[in-house]
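Structure file input-v4.cif (mmCIF, C-alpha atoms) follows.
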data_input
loop_
_atom_site.label_atom_id
_atom_site.label_comp_id
_atom_site.auth_asym_id
_atom_site.auth_seq_id
_atom_site.Cartn_x
_atom_site.Cartn_y
_atom_site.Cartn_z
CA ASP A 1 -3.43 3.24 -22.05
CA VAL A 2 -5.36 3.78 -18.84
CA LYS A 3 -3.37 4.41 -15.76
CA VAL A 4 -2.89 5.69 -12.26
CA THR A 5 -0.17 8.29 -11.93
CA GLN A 6 1.65 9.11 -8.72
CA SER A 7 3.41 12.43 -8.80
CA SER A 8 6.77 11.34 -7.39
CA ARG A 9 8.73 8.11 -7.51
CA TYR A 10 11.12 9.10 -4.73
CA LEU A 11 10.80 11.67 -1.96
CA VAL A 12 13.05 12.59 0.93
CA LYS A 13 11.53 14.76 3.64
CA ARG A 14 12.57 15.94 7.07
CA THR A 15 10.86 14.97 10.30
CA GLY A 16 8.01 17.36 11.06
CA GLU A 17 7.47 18.46 7.46
CA LYS A 18 4.01 18.38 5.90
CA VAL A 19 4.08 15.99 2.96
CA PHE A 20 1.66 15.74 0.06
CA LEU A 21 1.45 12.63 -2.12
CA GLU A 22 -0.63 13.08 -5.23
CA CYS A 23 -2.46 10.45 -7.27
CA VAL A 24 -4.39 10.93 -10.50
CA GLN A 25 -6.38 8.35 -12.46
CA ASP A 26 -7.81 8.72 -15.94
CA MET A 27 -10.29 5.83 -15.87
CA ASP A 28 -13.26 7.64 -14.29
CA HIS A 29 -13.11 5.15 -11.39
CA GLU A 30 -15.31 5.76 -8.39
CA ASN A 31 -12.98 4.26 -5.79
CA MET A 32 -9.48 5.37 -4.92
CA PHE A 33 -7.15 3.99 -2.28
CA TRP A 34 -3.90 4.73 -0.51
CA TYR A 35 -1.78 1.85 0.78
CA ARG A 36 1.61 1.65 2.34
CA GLN A 37 3.82 -1.34 1.74
CA ASP A 38 6.47 -2.49 4.19
CA PRO A 39 8.61 -5.65 4.15
CA GLY A 40 6.86 -8.54 5.88
CA LEU A 41 3.67 -6.54 6.38
CA GLY A 42 2.36 -6.48 2.83
CA LEU A 43 -0.09 -3.81 1.75
CA ARG A 44 -1.93 -1.94 4.48
CA LEU A 45 -4.85 0.32 3.69
CA ILE A 46 -4.50 3.87 4.95
CA TYR A 47 -7.57 5.60 3.54
CA PHE A 48 -9.98 5.11 0.70
CA SER A 49 -12.61 7.16 -1.06
CA TYR A 50 -15.67 5.98 -2.93
CA ASP A 51 -16.77 9.37 -4.22
CA VAL A 52 -15.72 12.98 -4.46
CA LYS A 53 -15.35 14.55 -1.03
CA MET A 54 -16.02 11.18 0.62
CA LYS A 55 -13.35 9.37 2.59
CA GLU A 56 -13.13 6.37 4.86
CA LYS A 57 -10.40 5.30 7.25
CA GLY A 58 -8.57 2.14 6.44
CA ASP A 59 -6.56 -0.01 8.80
CA ILE A 60 -3.79 2.47 9.65
CA PRO A 61 -5.06 6.06 9.26
CA GLU A 62 -3.17 7.57 12.20
CA GLY A 63 -0.84 10.35 11.14
CA TYR A 64 -2.43 10.67 7.71
CA SER A 65 -5.27 12.58 6.11
CA VAL A 66 -6.65 12.59 2.58
CA SER A 67 -8.40 14.90 0.17
CA ARG A 68 -10.58 14.13 -2.81
CA GLU A 69 -11.85 17.35 -4.34
CA LYS A 70 -12.13 15.93 -7.85
CA LYS A 71 -13.00 12.42 -8.98
CA GLU A 72 -9.68 11.84 -10.68
CA ARG A 73 -7.42 13.03 -7.88
CA PHE A 74 -6.79 11.57 -4.44
CA SER A 75 -4.18 13.15 -2.22
CA LEU A 76 -2.50 11.66 0.84
CA ILE A 77 -1.24 14.12 3.44
CA LEU A 78 1.27 13.49 6.18
CA GLU A 79 0.56 16.34 8.59
CA SER A 80 3.90 16.05 10.40
CA ALA A 81 6.15 13.44 8.86
CA SER A 82 7.91 10.98 11.16
CA THR A 83 10.61 8.42 10.50
CA SER A 84 8.04 5.65 11.07
CA GLN A 85 6.29 6.84 7.94
CA THR A 86 9.24 5.94 5.76
CA SER A 87 7.68 3.47 3.37
CA MET A 88 6.51 2.71 -0.15
CA TYR A 89 3.15 4.36 -0.80
CA LEU A 90 0.85 2.93 -3.44
CA CYS A 91 -2.25 4.53 -4.87
CA ALA A 92 -4.94 2.45 -6.57
CA SER A 93 -8.30 3.00 -8.19
CA SER A 94 -11.21 0.73 -9.10
CA ARG A 95 -14.79 0.66 -10.22
CA PHE A 96 -17.25 -0.49 -7.57
CA SER A 97 -17.02 -4.15 -8.51
CA GLY A 98 -13.73 -4.28 -10.31
CA GLY A 99 -10.10 -5.06 -9.69
CA TYR A 100 -7.59 -2.46 -8.72
CA THR A 101 -5.25 -0.54 -10.96
CA PHE A 102 -2.15 0.58 -9.10
CA GLY A 103 0.22 3.47 -9.59
CA SER A 104 3.99 3.00 -9.75
CA GLY A 105 4.44 3.89 -6.11
CA THR A 106 6.21 6.63 -4.20
CA ARG A 107 9.14 5.64 -2.01
CA LEU A 108 9.16 8.14 0.84
CA THR A 109 12.11 8.49 3.18
CA VAL A 110 11.75 10.66 6.27
CA VAL A 111 15.02 11.70 7.84
CA SER B 1 -3.08 -9.51 6.26
CA GLN B 2 -3.39 -12.62 8.43
CA GLU B 3 -6.84 -13.13 6.95
CA LEU B 4 -5.06 -13.95 3.73
CA GLU B 5 -1.99 -16.15 4.02
CA GLN B 6 0.43 -16.29 1.16
CA SER B 7 3.16 -18.91 0.83
CA PRO B 8 6.02 -19.23 0.46
CA GLN B 9 7.35 -15.85 1.58
CA SER B 10 10.21 -16.18 -0.88
CA LEU B 11 11.27 -18.61 -3.53
CA ILE B 12 14.49 -19.13 -5.46
CA VAL B 13 14.22 -21.31 -8.55
CA GLN B 14 16.52 -22.27 -11.37
CA GLU B 15 15.54 -20.90 -14.75
CA GLY B 16 13.33 -23.37 -16.55
CA LYS B 17 11.81 -24.87 -13.41
CA ASN B 18 8.14 -24.80 -12.51
CA LEU B 19 6.86 -23.20 -9.33
CA THR B 20 3.65 -22.66 -7.38
CA ILE B 21 2.58 -19.87 -5.04
CA ASN B 22 -0.42 -20.26 -2.76
CA CYS B 23 -2.94 -17.88 -1.26
CA THR B 24 -5.27 -19.15 1.47
CA SER B 25 -8.16 -17.72 3.42
CA SER B 26 -10.35 -19.09 6.18
CA LYS B 27 -13.30 -17.25 4.67
CA THR B 28 -15.08 -17.66 1.35
CA LEU B 29 -13.68 -15.26 -1.19
CA TYR B 30 -15.87 -13.24 -3.52
CA GLY B 31 -13.03 -12.45 -5.87
CA LEU B 32 -9.33 -13.27 -6.02
CA TYR B 33 -6.76 -11.14 -7.82
CA TRP B 34 -3.15 -11.85 -8.61
CA TYR B 35 -0.67 -9.03 -9.09
CA LYS B 36 3.00 -8.87 -9.92
CA GLN B 37 5.32 -6.17 -8.65
CA LYS B 38 8.76 -5.45 -9.97
CA TYR B 39 11.07 -4.43 -7.15
CA GLY B 40 10.47 -0.81 -6.21
CA GLU B 41 7.57 -0.36 -8.58
CA GLY B 42 3.80 -0.51 -8.58
CA LEU B 43 1.57 -3.58 -8.92
CA ILE B 44 0.58 -4.96 -12.29
CA PHE B 45 -2.71 -6.83 -12.60
CA LEU B 46 -2.30 -10.43 -13.78
CA MET B 47 -5.60 -12.26 -13.37
CA MET B 48 -8.92 -12.25 -11.58
CA LEU B 49 -10.83 -15.35 -10.47
CA GLN B 50 -14.38 -15.35 -9.18
CA LYS B 51 -15.95 -18.77 -9.62
CA GLY B 52 -15.15 -21.92 -7.66
CA GLY B 53 -12.95 -24.18 -9.74
CA GLU B 54 -12.07 -21.39 -12.16
CA GLU B 55 -8.73 -21.48 -13.90
CA LYS B 56 -7.11 -18.82 -16.07
CA SER B 57 -3.86 -18.71 -17.97
CA HIS B 58 -1.74 -15.99 -19.45
CA GLU B 59 1.40 -17.01 -21.27
CA LYS B 60 3.21 -19.33 -18.83
CA ILE B 61 1.25 -18.31 -15.74
CA THR B 62 -1.84 -20.22 -14.59
CA ALA B 63 -4.05 -19.31 -11.66
CA LYS B 64 -6.72 -21.49 -10.08
CA LEU B 65 -9.40 -20.90 -7.46
CA ASP B 66 -10.51 -23.99 -5.56
CA GLU B 67 -14.10 -25.18 -5.45
CA LYS B 68 -14.64 -23.84 -1.93
CA LYS B 69 -13.28 -20.44 -3.02
CA GLN B 70 -10.86 -20.30 -0.10
CA GLN B 71 -7.57 -21.05 -1.78
CA SER B 72 -5.88 -19.97 -4.97
CA SER B 73 -2.64 -21.09 -6.54
CA LEU B 74 -0.45 -19.37 -9.10
CA HIS B 75 1.67 -21.71 -11.18
CA ILE B 76 4.53 -20.64 -13.43
CA THR B 77 5.77 -23.10 -16.01
CA ALA B 78 9.38 -23.04 -17.22
CA SER B 79 10.32 -19.95 -15.22
CA GLN B 80 12.39 -17.19 -16.80
CA PRO B 81 14.36 -14.29 -15.28
CA SER B 82 11.53 -12.00 -16.44
CA HIS B 83 9.22 -13.75 -13.97
CA ALA B 84 11.24 -12.49 -11.02
CA GLY B 85 9.46 -10.07 -8.73
CA ILE B 86 6.91 -10.02 -5.94
CA TYR B 87 3.60 -11.77 -6.47
CA LEU B 88 0.66 -10.62 -4.38
CA CYS B 89 -2.81 -12.01 -4.07
CA GLY B 90 -5.72 -9.75 -3.26
CA ALA B 91 -9.12 -10.98 -2.17
CA VAL B 92 -12.61 -9.58 -1.82
CA MET B 93 -14.27 -10.85 1.33
CA PRO B 94 -17.17 -9.81 3.53
CA ARG B 95 -16.66 -7.32 6.33
CA ASP B 96 -17.77 -8.25 9.83
CA THR B 97 -19.83 -5.05 9.88
CA GLY B 98 -21.42 -5.65 6.48
CA GLY B 99 -20.32 -4.93 2.94
CA PHE B 100 -17.08 -6.07 1.43
CA LYS B 101 -13.40 -5.30 1.68
CA THR B 102 -10.32 -6.07 -0.33
CA ILE B 103 -7.23 -7.29 1.47
CA PHE B 104 -3.82 -8.39 0.23
CA GLY B 105 -1.41 -11.13 1.11
CA ALA B 106 2.09 -10.24 2.28
CA GLY B 107 3.56 -11.24 -1.06
CA THR B 108 5.93 -13.89 -2.37
CA ARG B 109 9.36 -12.79 -3.54
CA LEU B 110 10.43 -14.84 -6.53
CA PHE B 111 14.05 -15.02 -7.65
CA VAL B 112 14.92 -16.86 -10.84
CA LYS B 113 18.54 -17.94 -11.26
CA ALA B 114 19.82 -17.84 -14.81
#
Show me this structure written as structure tokens.
Amino acid sequence: DVKVTQSSRYLVKRTGEKVFLECVQDMDHENMFWYRQDPGLGLRLIYFSYDVKMKEKGDIPEGYSVSREKKERFSLILESASTSQTSMYLCASSRFSGGYTFGSGTRLTVV
Amino acid sequence: SQELEQSPQSLIVQEGKNLTINCTSSKTLYGLYWYKQKYGEGLIFLMMLQKGGEEKSHEKITAKLDEKKQQSSLHITASQPSHAGIYLCGAVMPRDTGGFKTIFGAGTRLFVKA
């Protein structure tokens, strides 16, 4: 059963902490994405990557960075977490022309 | 995304009733995906539509893409409590700067009353 795995379902972090969200896919997909989902705003793209070591900014990259050292792993980094970054974070992967497969999500709370 | 309008925002139906969710764009879509999300969980792929006039069904859920490829509807027949969740449409459309992008609607929250 192919899937996208996010390392944590729930996280609570303090303001100013550096936060790492990990995502691993086992489908050999080229593309990987990080979204955040907030009520009334839907899914907003933070960053995406179409190849190892390649990354592109999405619609809301401020306050975030990403790392893709291996094809199967795409990490989202919050350099200095703020309460405005409390959200549901969803990772997805796809082939170049295919639909997305999503992970189960990480609900991050910054206090 | 305002480029992709989804309606209604929420829906409460009695078990056994039919319902329809719509997803509309002002631009021609190159692919339209429907996903379902259980509350607090990730998105599960339901169906993909690419051709104008295309219709697909899975169990009691039917999705259609209109001939102009600008609107899609998701229809659930004889709704059940297991259908409850958030339904999101995702669409592939051209970027203003070239290439393509995938954007998502804001979602429709479906509640099914037993």
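Reported to one decimal place, the separation of atom CA of Gly52 of chain B from atom CA of Trp34 of chain B is 15.7 Å.
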Need to verify the contact set: Asp26 of chain A, 9 Å, only C-alpha atoms, exclusion of same-chain residues closer than 5 positions in sequence. Can you return it as number ranges by chain?
A: 2-5, 72
For Phe111 of chain B, which residue out of B:Ala63, B:Ile86, B:Leu46, B:Cys23 is the nearest one, using all atoms listed in the file?
B:Ile86
One decimal, Å: what's the distance from atom CA of Glu15 of chain B over to atom CA of Gly107 of chain B, could you say?
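It comes out at 20.6 Å.
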Could you tell me which residues of chain A sit within 8 Å of chain B when counting all atoms listed in the file, and give me the result as an MDAnalysis selection string?
chainID A and resid 40:44 90 99:105 107
